[in-house]
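> My structure is in entry39.cif, and what it holds is mmCIF, C-alpha atoms:
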```
data_structure
loop_
_atom_site.label_atom_id
_atom_site.label_comp_id
_atom_site.auth_asym_id
_atom_site.auth_seq_id
_atom_site.Cartn_x
_atom_site.Cartn_y
_atom_site.Cartn_z
CA MET Z 9 -32.16 -40.40 -44.03
CA LYS Z 10 -29.21 -39.16 -46.02
CA ARG Z 11 -25.79 -39.09 -44.43
CA SER Z 12 -25.36 -35.38 -44.92
CA THR Z 13 -28.68 -34.74 -43.24
CA LYS Z 14 -27.62 -36.81 -40.25
CA ILE Z 15 -24.39 -34.82 -39.96
CA VAL Z 16 -26.28 -31.57 -40.04
CA LEU Z 17 -28.77 -32.78 -37.45
CA LEU Z 18 -26.07 -34.02 -35.13
CA SER Z 19 -24.14 -30.77 -35.49
CA CYS Z 20 -27.28 -28.85 -34.63
CA LEU Z 21 -27.80 -31.13 -31.62
CA VAL Z 22 -24.26 -30.49 -30.39
CA ALA Z 23 -24.65 -26.76 -30.87
CA ALA Z 24 -28.00 -26.81 -29.06
CA VAL Z 25 -26.50 -28.71 -26.12
CA LEU Z 26 -23.64 -26.21 -25.88
CA LEU Z 27 -25.96 -23.24 -26.13
CA ALA Z 28 -28.26 -24.71 -23.50
CA GLY Z 29 -25.29 -25.24 -21.21
CA CYS Z 30 -24.14 -21.67 -21.68
CA GLY Z 31 -27.66 -20.40 -21.10
CA ILE Z 32 -28.00 -22.33 -17.85
CA TRP Z 33 -24.62 -21.08 -16.69
CA TRP Z 34 -25.61 -17.53 -17.60
CA LEU Z 35 -28.90 -17.85 -15.76
CA VAL Z 36 -27.21 -19.22 -12.63
CA GLY Z 37 -24.78 -16.33 -12.73
CA ALA Z 38 -27.60 -13.83 -13.16
CA VAL Z 39 -29.59 -15.20 -10.23
CA GLY Z 40 -26.47 -15.36 -8.09
CA SER Z 41 -25.51 -11.82 -8.94
CA TRP Z 42 -28.85 -10.49 -7.77
CA LEU Z 43 -28.00 -11.59 -4.28
CA GLN Z 44 -24.23 -11.19 -4.23
CA GLY Z 45 -22.24 -8.05 -3.70
CA GLY Z 46 -20.57 -8.26 -7.05
CA ASP Z 47 -17.00 -7.26 -7.93
CA SER Z 48 -14.56 -5.09 -6.03
CA PRO Z 49 -16.38 -1.95 -4.96
CA ARG Z 50 -15.61 1.28 -6.74
CA LEU Z 51 -15.95 4.24 -4.42
CA VAL Z 52 -17.78 7.48 -4.99
CA PRO Z 53 -15.07 10.18 -5.11
CA THR Z 54 -14.61 11.95 -1.81
CA ALA Z 55 -11.89 14.23 -0.50
CA ALA Z 56 -9.19 13.08 1.89
CA GLU Z 57 -8.96 15.37 4.90
CA ILE Z 58 -5.63 16.06 6.59
CA VAL Z 59 -6.56 16.03 10.27
CA GLY Z 60 -3.07 16.46 11.69
CA VAL Z 61 0.60 16.99 10.87
CA MET Z 62 2.80 15.96 13.78
CA PRO Z 63 6.54 16.00 14.36
CA ARG Z 64 8.26 12.71 14.94
CA GLY Z 65 11.84 11.71 15.51
CA GLU Z 66 12.29 8.01 14.83
CA LEU Z 67 14.91 6.04 13.00
CA TYR Z 68 13.56 2.98 11.17
CA VAL Z 69 16.39 0.44 11.22
CA ALA Z 70 14.77 -2.85 10.15
CA THR Z 71 11.56 -3.72 8.42
CA SER Z 72 9.59 -6.61 6.96
CA VAL Z 73 6.15 -7.30 5.47
CA ILE Z 74 4.30 -10.19 7.07
CA GLU Z 75 0.92 -11.77 6.33
CA ASP Z 76 -1.09 -14.09 8.50
CA PHE Z 77 -4.68 -15.19 8.78
CA LYS Z 78 -7.30 -16.73 11.04
CA SER Z 79 -10.21 -18.88 9.98
CA GLU Z 80 -13.53 -19.76 11.60
CA GLN Z 81 -16.08 -22.45 10.91
CA ALA Z 82 -19.70 -22.62 11.98
CA THR Z 83 -22.81 -24.63 11.26
CA GLU Z 84 -26.15 -23.05 10.50
CA TYR Z 85 -29.35 -25.05 10.97
CA HIS Z 86 -32.23 -24.29 8.64
CA LEU Z 87 -35.62 -24.91 10.24
CA GLY Z 88 -33.66 -26.43 13.12
CA LEU Z 89 -33.00 -29.59 11.14
CA PHE Z 90 -30.93 -29.04 8.04
CA PRO Z 91 -27.30 -28.17 8.73
CA GLU Z 92 -25.20 -25.98 6.49
CA ASP Z 93 -21.49 -25.48 7.13
CA HIS Z 94 -19.95 -22.05 6.82
CA SER Z 95 -16.33 -20.89 6.73
CA CYS Z 96 -14.58 -17.56 6.82
CA ALA Z 97 -11.04 -16.25 7.03
CA LEU Z 98 -9.46 -12.93 7.91
CA LEU Z 99 -6.15 -12.06 6.28
CA LEU Z 100 -3.92 -9.35 7.68
CA ARG Z 101 -0.84 -7.91 6.02
CA GLN Z 102 1.36 -5.62 8.07
CA LYS Z 103 4.60 -3.77 7.54
CA VAL Z 104 6.52 -4.29 10.78
CA SER Z 105 9.61 -2.40 11.84
CA TYR Z 106 12.05 -1.74 14.63
CA VAL Z 107 12.55 1.95 15.38
CA VAL Z 108 14.90 3.99 17.54
CA ASP Z 109 13.43 7.01 19.31
CA MET Z 110 16.01 9.67 18.55
CA ASP Z 111 15.03 11.72 21.61
CA ASP Z 112 16.21 8.86 23.81
CA VAL Z 113 19.62 8.45 22.17
CA GLU Z 114 22.43 9.78 24.37
CA TYR Z 115 25.63 11.22 22.94
CA GLU Z 116 28.84 11.87 24.88
CA PRO Z 117 31.47 13.56 22.70
CA GLN Z 118 35.01 12.66 23.67
CA ALA Z 119 38.11 14.76 23.13
CA ASP Z 120 39.63 12.46 20.50
CA GLY Z 121 36.86 12.75 17.91
CA ARG Z 122 34.92 9.79 19.30
CA VAL Z 123 31.33 9.94 20.44
CA VAL Z 124 30.01 7.49 22.98
CA VAL Z 125 26.45 6.60 22.04
CA ARG Z 126 23.84 4.90 24.18
CA LEU Z 127 20.91 3.57 22.21
CA PRO Z 128 17.50 2.99 23.83
CA GLU Z 129 15.55 -0.24 23.58
CA LEU Z 130 14.19 -0.78 20.08
CA ARG Z 131 10.49 -0.21 19.65
CA TYR Z 132 8.24 -2.47 17.56
CA VAL Z 133 5.94 -0.70 15.10
CA ALA Z 134 3.28 -2.31 12.90
CA SER Z 135 1.42 -0.59 10.04
CA THR Z 136 -1.53 -2.36 8.45
CA GLN Z 137 -1.25 -2.53 4.67
CA GLU Z 138 -4.22 -4.78 3.90
CA VAL Z 139 -7.11 -6.49 5.64
CA ARG Z 140 -9.31 -8.96 3.78
CA PHE Z 141 -12.27 -10.92 5.02
CA VAL Z 142 -13.36 -13.85 2.86
CA SER Z 143 -16.36 -16.05 3.51
CA ASP Z 144 -18.95 -18.21 1.86
CA ASP Z 145 -21.89 -16.21 3.22
CA GLU Z 146 -21.35 -12.55 4.02
CA ALA Z 147 -24.77 -12.09 5.69
CA PHE Z 148 -24.30 -15.11 7.96
CA TRP Z 149 -20.90 -14.01 9.20
CA LYS Z 150 -22.02 -10.43 9.74
CA GLU Z 151 -24.59 -11.74 12.19
CA ARG Z 152 -22.34 -14.41 13.68
CA ILE Z 153 -19.36 -12.10 14.26
CA PRO Z 154 -20.57 -8.52 14.81
CA SER Z 155 -17.00 -7.23 15.08
CA THR Z 156 -13.79 -8.61 13.58
CA THR Z 157 -11.58 -6.69 16.02
CA GLY Z 158 -10.88 -9.81 18.08
CA MET Z 159 -9.75 -11.77 15.03
CA LYS Z 160 -7.55 -8.90 13.88
CA THR Z 161 -5.93 -8.56 17.28
CA GLU Z 162 -5.16 -12.26 17.38
CA VAL Z 163 -3.59 -12.25 13.94
CA ALA Z 164 -1.60 -9.08 14.71
CA GLU Z 165 -0.20 -10.74 17.82
CA ARG Z 166 0.82 -13.77 15.76
CA ILE Z 167 2.57 -11.49 13.27
CA ARG Z 168 4.39 -9.77 16.08
CA SER Z 169 5.53 -13.06 17.59
CA ARG Z 170 7.01 -14.04 14.22
CA PHE Z 171 8.95 -10.83 13.79
CA ASP Z 172 9.77 -9.62 17.29
CA THR Z 173 12.33 -12.23 18.33
CA ALA Z 174 15.57 -11.96 20.26
CA GLU Z 175 17.55 -12.78 17.14
CA HIS Z 176 15.84 -10.10 15.08
CA ARG Z 177 16.35 -7.55 17.84
CA MET Z 178 20.06 -8.31 17.95
CA GLN Z 179 20.29 -7.94 14.20
CA ALA Z 180 18.28 -4.71 14.26
CA ASN Z 181 20.51 -3.33 16.99
CA ARG Z 182 23.47 -3.81 14.68
CA TYR Z 183 21.59 -2.01 11.93
CA ALA Z 184 20.87 0.84 14.37
CA GLN Z 185 24.56 1.11 15.23
CA GLU Z 186 25.44 1.24 11.54
CA ALA Z 187 22.86 3.94 10.82
CA ILE Z 188 23.98 6.18 13.71
CA SER Z 189 27.64 5.59 12.85
CA HIS Z 190 26.95 6.62 9.27
CA VAL Z 191 25.48 9.94 10.39
CA LEU Z 192 28.26 10.66 12.85
CA ASN Z 193 30.93 9.66 10.35
CA ALA Z 194 29.48 12.19 7.91
CA MET Z 195 30.09 14.81 10.58
CA GLY Z 196 33.63 13.62 11.14
CA TYR Z 197 33.05 11.60 14.30
CA GLU Z 198 33.61 7.98 15.20
CA ALA Z 199 30.82 6.31 17.14
CA GLU Z 200 31.32 3.95 20.03
CA PHE Z 201 28.27 2.18 21.43
CA TRP Z 202 27.71 1.44 25.10
CA GLY Z 203 24.93 0.29 27.29
CA VAL Z 204 21.73 -1.27 25.91
CA VAL Z 205 23.11 -2.41 22.58
CA THR Z 206 24.44 -5.97 22.73
CA GLY Z 207 27.61 -6.68 20.87
CA GLY Z 208 28.84 -3.13 21.40
CA THR Z 209 31.71 -2.01 23.59
CA GLU Z 210 30.45 -2.16 27.14
CA ARG Z 211 32.18 -0.68 30.19
CA MET E 5 -20.20 -42.68 -37.68
CA ILE E 6 -22.48 -42.19 -34.71
CA ARG E 7 -19.70 -43.37 -32.43
CA ASN E 8 -17.42 -40.69 -33.90
CA MET E 9 -20.07 -38.05 -33.33
CA TYR E 10 -20.43 -39.13 -29.70
CA LEU E 11 -16.67 -38.86 -29.30
CA LEU E 12 -16.71 -35.41 -30.83
CA LEU E 13 -19.52 -34.36 -28.51
CA LEU E 14 -17.61 -35.70 -25.51
CA ALA E 15 -14.50 -33.85 -26.60
CA LEU E 16 -16.42 -30.61 -26.97
CA VAL E 17 -17.93 -30.98 -23.50
CA CYS E 18 -14.49 -31.64 -22.02
CA LEU E 19 -12.98 -28.64 -23.79
CA SER E 20 -15.75 -26.37 -22.54
CA GLY E 21 -14.96 -27.48 -19.01
CA CYS E 22 -11.29 -26.68 -19.36
CA ARG E 23 -10.39 -23.38 -17.77
CA ARG E 24 -7.29 -21.39 -18.20
CA GLN E 25 -5.28 -21.49 -15.03
CA PRO E 26 -5.72 -18.15 -13.31
CA SER E 27 -2.51 -16.18 -13.50
CA VAL E 28 -1.02 -15.23 -10.18
CA ASP E 29 -0.11 -11.62 -9.84
CA ALA E 30 3.56 -11.21 -9.08
CA GLU E 31 2.83 -9.25 -5.93
CA THR E 32 5.39 -8.10 -3.46
CA VAL E 33 7.55 -10.96 -2.28
CA LEU E 34 7.34 -11.07 1.47
CA ALA E 35 10.97 -10.54 2.35
CA ALA E 36 12.95 -11.44 5.41
CA MET E 37 13.90 -8.58 7.67
CA SER E 38 15.65 -5.92 5.62
CA GLN E 39 17.99 -3.20 6.79
CA GLU E 40 16.89 0.43 6.76
CA ALA E 41 18.19 3.79 7.92
CA ASP E 42 15.16 6.03 7.44
CA LEU E 43 14.75 9.01 9.72
CA VAL E 44 11.05 9.74 10.10
CA VAL E 45 10.42 13.36 11.04
CA THR E 46 6.75 14.00 10.27
CA GLU E 47 3.50 12.08 10.46
CA VAL E 48 0.45 13.14 8.46
CA LYS E 49 -2.90 11.84 9.69
CA ILE E 50 -5.62 11.64 7.08
CA ARG E 51 -9.29 10.83 7.39
CA LYS E 52 -10.96 9.48 4.28
CA ILE E 53 -14.67 8.87 4.13
CA ALA E 54 -15.06 5.76 2.02
CA TYR E 55 -18.45 6.09 0.35
CA TYR E 56 -19.72 3.10 -1.58
CA ASP E 57 -23.03 3.22 -3.45
CA SER E 58 -23.78 0.32 -5.77
CA ASP E 59 -26.24 2.46 -7.73
CA ALA E 60 -23.74 5.26 -8.30
CA THR E 61 -20.82 3.11 -9.27
CA GLY E 62 -22.62 0.33 -11.13
CA ARG E 63 -24.33 0.52 -14.47
CA PHE E 64 -27.03 -1.62 -15.98
CA VAL E 65 -25.97 -3.62 -19.01
CA LEU E 66 -28.60 -5.85 -20.60
CA THR E 67 -26.10 -8.40 -21.85
CA ASP E 68 -24.13 -8.60 -18.58
CA PRO E 69 -26.10 -10.39 -15.81
CA SER E 70 -23.55 -9.31 -13.17
CA THR E 71 -24.90 -5.76 -13.53
CA TRP E 72 -28.53 -6.81 -12.94
CA ARG E 73 -29.51 -5.72 -9.45
CA ILE E 74 -32.68 -5.77 -7.47
CA GLY E 75 -32.00 -3.24 -4.73
CA SER E 76 -28.87 -1.38 -3.78
CA ARG E 77 -26.10 -1.38 -1.23
CA VAL E 78 -24.67 1.70 0.41
CA ALA E 79 -21.83 1.91 2.91
CA ILE E 80 -20.08 4.87 4.50
CA VAL E 81 -16.95 3.97 6.40
CA PRO E 82 -14.43 6.48 7.77
CA VAL E 83 -10.85 5.29 7.37
CA ASP E 84 -7.95 6.68 9.42
CA ILE E 85 -4.73 6.64 7.43
CA TRP E 86 -1.24 7.84 8.27
CA LEU E 87 1.78 8.72 6.22
CA ARG E 88 5.21 9.08 7.80
CA TYR E 89 7.69 11.23 5.91
CA GLY E 90 11.42 11.08 6.32
CA TYR E 91 14.84 10.75 4.78
CA ASP E 92 17.05 7.84 3.85
CA LEU E 93 20.20 8.52 5.83
CA ARG E 94 22.17 6.14 3.65
CA GLU E 95 22.00 8.86 1.01
CA LEU E 96 23.78 11.22 3.41
CA THR E 97 27.39 11.46 2.22
CA LEU E 98 30.45 13.28 3.48
CA ASP E 99 29.88 15.92 0.79
CA ALA E 100 26.40 16.57 2.17
CA VAL E 101 27.67 17.74 5.57
CA ARG E 102 29.65 20.92 6.11
CA ILE E 103 31.04 21.90 9.50
CA ASP E 104 31.46 25.57 10.28
CA ASP E 105 33.85 25.65 13.25
CA GLU E 106 33.73 29.43 13.58
CA ARG E 107 29.97 29.59 13.92
CA HIS E 108 29.77 26.21 15.68
CA ALA E 109 27.18 25.23 13.12
CA VAL E 110 26.52 22.28 10.84
CA GLU E 111 25.10 22.53 7.35
CA VAL E 112 23.39 19.40 6.01
CA ARG E 113 22.11 18.75 2.50
CA LEU E 114 19.36 16.21 2.85
CA PRO E 115 17.93 14.06 0.05
CA GLN E 116 14.33 14.48 -1.02
CA PRO E 117 11.83 13.45 1.66
CA ARG E 118 9.71 10.44 0.94
CA VAL E 119 7.01 8.32 2.54
CA VAL E 120 8.89 5.92 4.78
CA ASP E 121 5.90 4.24 6.39
CA SER E 122 2.14 4.25 5.86
CA GLY E 123 -0.87 2.31 6.98
CA TYR E 124 -4.50 2.47 8.00
CA ALA E 125 -6.34 1.68 11.20
CA THR E 126 -6.80 -2.07 11.57
CA GLY E 127 -10.03 -1.91 13.52
CA VAL E 128 -13.39 -0.68 12.31
CA ASP E 129 -15.41 1.54 14.62
CA ALA E 130 -18.85 -0.08 14.34
CA ASP E 131 -20.52 3.09 15.66
CA GLU E 132 -19.11 5.16 12.81
CA ALA E 133 -19.63 2.75 9.91
CA VAL E 134 -23.03 2.93 8.22
CA SER E 135 -24.42 0.37 5.80
CA ILE E 136 -27.78 -0.03 4.06
CA ALA E 137 -29.02 -2.82 1.81
CA THR E 138 -32.37 -2.76 0.00
CA GLY E 139 -34.32 -5.10 -2.24
CA LEU E 140 -32.83 -8.55 -2.69
CA ARG E 141 -29.29 -7.46 -1.88
CA ASP E 142 -27.30 -9.10 0.90
CA PRO E 143 -26.46 -6.90 3.88
CA VAL E 144 -23.10 -5.19 3.71
CA GLY E 145 -20.84 -7.44 5.74
CA HIS E 146 -17.22 -7.59 6.81
CA GLU E 147 -16.01 -8.64 3.38
CA THR E 148 -17.38 -5.57 1.65
CA ILE E 149 -16.40 -3.21 4.46
CA GLU E 150 -12.78 -4.37 4.34
CA MET E 151 -12.69 -4.08 0.54
CA ILE E 152 -14.05 -0.54 0.81
CA ARG E 153 -11.45 0.41 3.42
CA LEU E 154 -8.63 -1.05 1.38
CA GLU E 155 -9.82 0.80 -1.71
CA ALA E 156 -9.94 4.07 0.25
CA TYR E 157 -6.38 3.51 1.52
CA ARG E 158 -5.13 2.82 -1.99
CA GLU E 159 -6.80 5.97 -3.29
CA VAL E 160 -5.07 8.09 -0.65
CA MET E 161 -1.71 6.45 -1.38
CA GLN E 162 -2.01 7.51 -5.01
CA GLN E 163 -2.10 11.16 -3.98
CA ASP E 164 1.03 13.20 -3.34
CA PHE E 165 0.93 15.31 -0.19
CA THR E 166 4.62 16.29 -0.32
CA GLU E 167 3.92 19.78 -1.56
CA MET E 168 1.42 20.40 1.21
CA VAL E 169 3.59 19.18 4.05
CA GLY E 170 7.07 19.72 2.59
CA ARG E 171 7.82 22.79 4.68
CA GLU E 172 6.72 21.05 7.88
CA VAL E 173 8.88 18.02 7.03
CA ARG E 174 11.95 20.19 6.53
CA TYR E 175 11.28 22.13 9.74
CA ASN E 176 10.94 18.93 11.76
CA ALA E 177 14.11 17.50 10.18
CA GLU E 178 15.94 20.61 11.34
CA ASN E 179 14.69 20.04 14.88
CA VAL E 180 15.67 16.38 14.98
CA LEU E 181 19.13 16.93 13.50
CA GLY E 182 19.52 20.07 15.57
CA SER E 183 19.07 18.00 18.69
CA ILE E 184 21.85 15.66 17.56
CA VAL E 185 24.35 18.38 16.65
CA ARG E 186 23.68 20.26 19.88
CA SER E 187 24.53 17.07 21.77
CA LEU E 188 27.84 17.12 19.91
CA GLY E 189 28.62 20.65 21.03
CA PHE E 190 27.42 22.67 18.06
CA ASP E 191 24.99 25.55 18.29
CA HIS E 192 22.60 24.81 15.45
CA VAL E 193 22.05 23.04 12.12
CA THR E 194 20.92 24.37 8.76
CA ILE E 195 19.12 22.12 6.32
CA ILE E 196 19.72 22.58 2.61
CA GLU E 197 17.66 20.74 0.00
#
```
Would you encode the structure as structure tokens?


Amino acid sequence: MKRSTKIVLLSCLVAAVLLAGCGIWWLVGAVGSWLQGGDSPRLVPTAAEIVGVMPRGELYVATSVIEDFKSEQATEYHLGLFPEDHSCALLLRQKVSYVVDMDDVEYEPQADGRVVVRLPELRYVASTQEVRFVSDDEAFWKERIPSTTGMKTEVAERIRSRFDTAEHRMQANRYAQEAISHVLNAMGYEAEFWGVVTGGTER
Amino acid sequence: MIRNMYLLLLALVCLSGCRRQPSVDAETVLAAMSQEADLVVTEVKIRKIAYYDSDATGRFVLTDPSTWRIGSRVAIVPVDIWLRYGYDLRELTLDAVRIDDERHAVEVRLPQPRVVDSGYATGVDADEAVSIATGLRDPVGHETIEMIRLEAYREVMQQDFTEMVGREVRYNAENVLGSIVRSLGFDHVTIIE
């Protein structure tokens, strides 16, 4: 056989192997996609309904965004004999804050342009920004865990324990003092903090 | 010669296995606790019905196997979302506050209201969520439900409700600040925007 013929044949062989590989990969993807949910879901357009507009009076003084997760493992037995391991994880992202309820703030104006302010205990607030559930087998985990509320609660508690610490509360109290002072200063007053706030002037 | 061809074949196989490293989105850096001074005066509660229908939102493409489906998946999940509107008090300057000693009143020019906090309900009410899977499709599980809820939340966040609730926000701001100035001995407060 001529050399050029051999080169052509080998090139064709290489191309055939590559094409076969791509075809197998394509076929696997096609079969898999029949059973899988596919990409991120696009929603059918629907209207958002405003169900309530409520007054609030809170001062957000400190905030952070925290993520945490919880995982689970389980074994499924096919025909009672053949084990298959499964894993899942729930990720929770929350924006967490300390807030001051303005209704509970007490002001005592003094004659010399000072205002004695008593701040209430800071309140912890958490707003969920994102929840994701990832698993190797959606159908299995839907049956195994009918509701993910327990997992979410556990993760939310872990997030709270990371943010709501004595040190953070002290720091947030200082931020609260600064914020209230800023408002009172704009009105021509000087704020003096008593009572609940640590680090303030206490009598 | 044959040895060289084998080497070339091996190299081609290796190259086809090489994948570009997936790029990581530069998402929000999770910061340490940051200082704020945002006065929240109004909360808007929104209910969004997240409606997912794989038949309505997918399309069949002969050359794209990921669009080949045997059956469909439908899910209807109500999502409770809230938006909290308020003002950044750090933008409140001395020029923005005017004291009227004669009328015992305070005039305050507030900055534009903005969304200070937002979020959606963490839990899913199993009684309210509906899901249907037909054909060879997997049942709609937690993964899909959470993706649907997140998508619904993001859709709501792209909308601007300020015009609808602006008057209510200003009215509530007047009440909150009014309470403060009355504690200081003034009669009332007027909000200017």

> Give me, please, the distance in Å between atom CA of E:Phe190 and atom CA of E:Gly90, quoted to one decimal.

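Taking atom CA of E:Phe190 and atom CA of E:Gly90, their separation equals 23.0 Å.
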
> Given the file above and the PyMOL selection byres ((chain E) within 6 of (chain Z)), which residues are selected, and can you give them as a PyMOL selection string?

chain E and resi 34+37-52+55-56+69-70+73+98+123-124+127+140-143+145+147+150+176+188

> What is the atom CA of E:Tyr89 to atom CA of E:Thr166 distance in Å?

8.6 Å

> Do you have the atom CA of E:Arg171-atom CA of E:Leu96 distance handy?

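Atom CA of E:Leu96 lies 19.8 Å from atom CA of E:Arg171.
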
> Pull out every residue that the PyMOL selection byres ((chain Z and resi 80) around 8) matches in the shown coordinates and put them as JSON, numbers by chain.

{"Z": [78, 79, 81, 82, 95, 96, 97]}

> Env of E:Met161: 10 Å cut, atoms = all atoms listed in the file, seq-sep filter 2 positions within chain, self excluded. Answer as a list in words.

Ile85, Trp86, Leu87, Val119, Ser122, Gly123, Glu155, Ala156, Tyr157, Arg158, Glu159, Gln163, Asp164 and Phe165 of chain E

> Care to translate the PyMOL selection byres ((chain E and resi 103-105) around 12) into actual residues of this file, as a list in words?

Ala194, Met195, Gly196 and Tyr197 of chain Z; Leu98, Asp99, Ala100, Val101, Arg102, Glu106, Arg107, His108, Ala109, Val110, Glu111, Val112, Arg113, Val185, Leu188, Gly189, Phe190, Asp191, His192, Val193 and Thr194 of chain E

> Got a minute to add N, CA and C atoms to stretch 153-165 of chain Z and dump it as a PDB file, in the coordinates of the input?


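In the end it all went to rebuild_20.pdb:
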```
ATOM      1  N   ILE Z 153     -20.467 -12.862  13.668  1.00  0.00           N
ATOM      2  CA  ILE Z 153     -19.360 -12.100  14.260  1.00  0.00           C
ATOM      3  C   ILE Z 153     -19.641 -10.609  14.034  1.00  0.00           C
ATOM      4  N   PRO Z 154     -20.229  -9.944  15.013  1.00  0.00           N
ATOM      5  CA  PRO Z 154     -20.570  -8.520  14.810  1.00  0.00           C
ATOM      6  C   PRO Z 154     -19.327  -7.654  14.583  1.00  0.00           C
ATOM      7  N   SER Z 155     -18.223  -8.020  15.234  1.00  0.00           N
ATOM      8  CA  SER Z 155     -17.000  -7.230  15.080  1.00  0.00           C
ATOM      9  C   SER Z 155     -15.809  -8.149  14.844  1.00  0.00           C
ATOM     10  N   THR Z 156     -14.962  -7.777  13.892  1.00  0.00           N
ATOM     11  CA  THR Z 156     -13.790  -8.610  13.580  1.00  0.00           C
ATOM     12  C   THR Z 156     -12.551  -8.142  14.336  1.00  0.00           C
ATOM     13  N   THR Z 157     -12.730  -7.240  15.291  1.00  0.00           N
ATOM     14  CA  THR Z 157     -11.580  -6.690  16.020  1.00  0.00           C
ATOM     15  C   THR Z 157     -10.805  -7.792  16.746  1.00  0.00           C
ATOM     16  N   GLY Z 158     -11.533  -8.721  17.357  1.00  0.00           N
ATOM     17  CA  GLY Z 158     -10.880  -9.810  18.080  1.00  0.00           C
ATOM     18  C   GLY Z 158     -10.002 -10.652  17.166  1.00  0.00           C
ATOM     19  N   MET Z 159     -10.530 -10.968  15.997  1.00  0.00           N
ATOM     20  CA  MET Z 159      -9.750 -11.770  15.030  1.00  0.00           C
ATOM     21  C   MET Z 159      -8.503 -11.002  14.592  1.00  0.00           C
ATOM     22  N   LYS Z 160      -8.685  -9.715  14.337  1.00  0.00           N
ATOM     23  CA  LYS Z 160      -7.550  -8.900  13.880  1.00  0.00           C
ATOM     24  C   LYS Z 160      -6.470  -8.816  14.946  1.00  0.00           C
ATOM     25  N   THR Z 161      -6.901  -8.655  16.180  1.00  0.00           N
ATOM     26  CA  THR Z 161      -5.930  -8.560  17.280  1.00  0.00           C
ATOM     27  C   THR Z 161      -5.135  -9.851  17.398  1.00  0.00           C
ATOM     28  N   GLU Z 162      -5.840 -10.962  17.276  1.00  0.00           N
ATOM     29  CA  GLU Z 162      -5.160 -12.260  17.380  1.00  0.00           C
ATOM     30  C   GLU Z 162      -4.143 -12.440  16.272  1.00  0.00           C
ATOM     31  N   VAL Z 163      -4.511 -12.091  15.066  1.00  0.00           N
ATOM     32  CA  VAL Z 163      -3.590 -12.250  13.940  1.00  0.00           C
ATOM     33  C   VAL Z 163      -2.414 -11.285  14.072  1.00  0.00           C
ATOM     34  N   ALA Z 164      -2.685 -10.057  14.532  1.00  0.00           N
ATOM     35  CA  ALA Z 164      -1.600  -9.080  14.710  1.00  0.00           C
ATOM     36  C   ALA Z 164      -0.605  -9.568  15.760  1.00  0.00           C
ATOM     37  N   GLU Z 165      -1.097 -10.211  16.791  1.00  0.00           N
ATOM     38  CA  GLU Z 165      -0.200 -10.740  17.820  1.00  0.00           C
ATOM     39  C   GLU Z 165       0.666 -11.863  17.253  1.00  0.00           C
TER      40      GLU Z 165
END
```
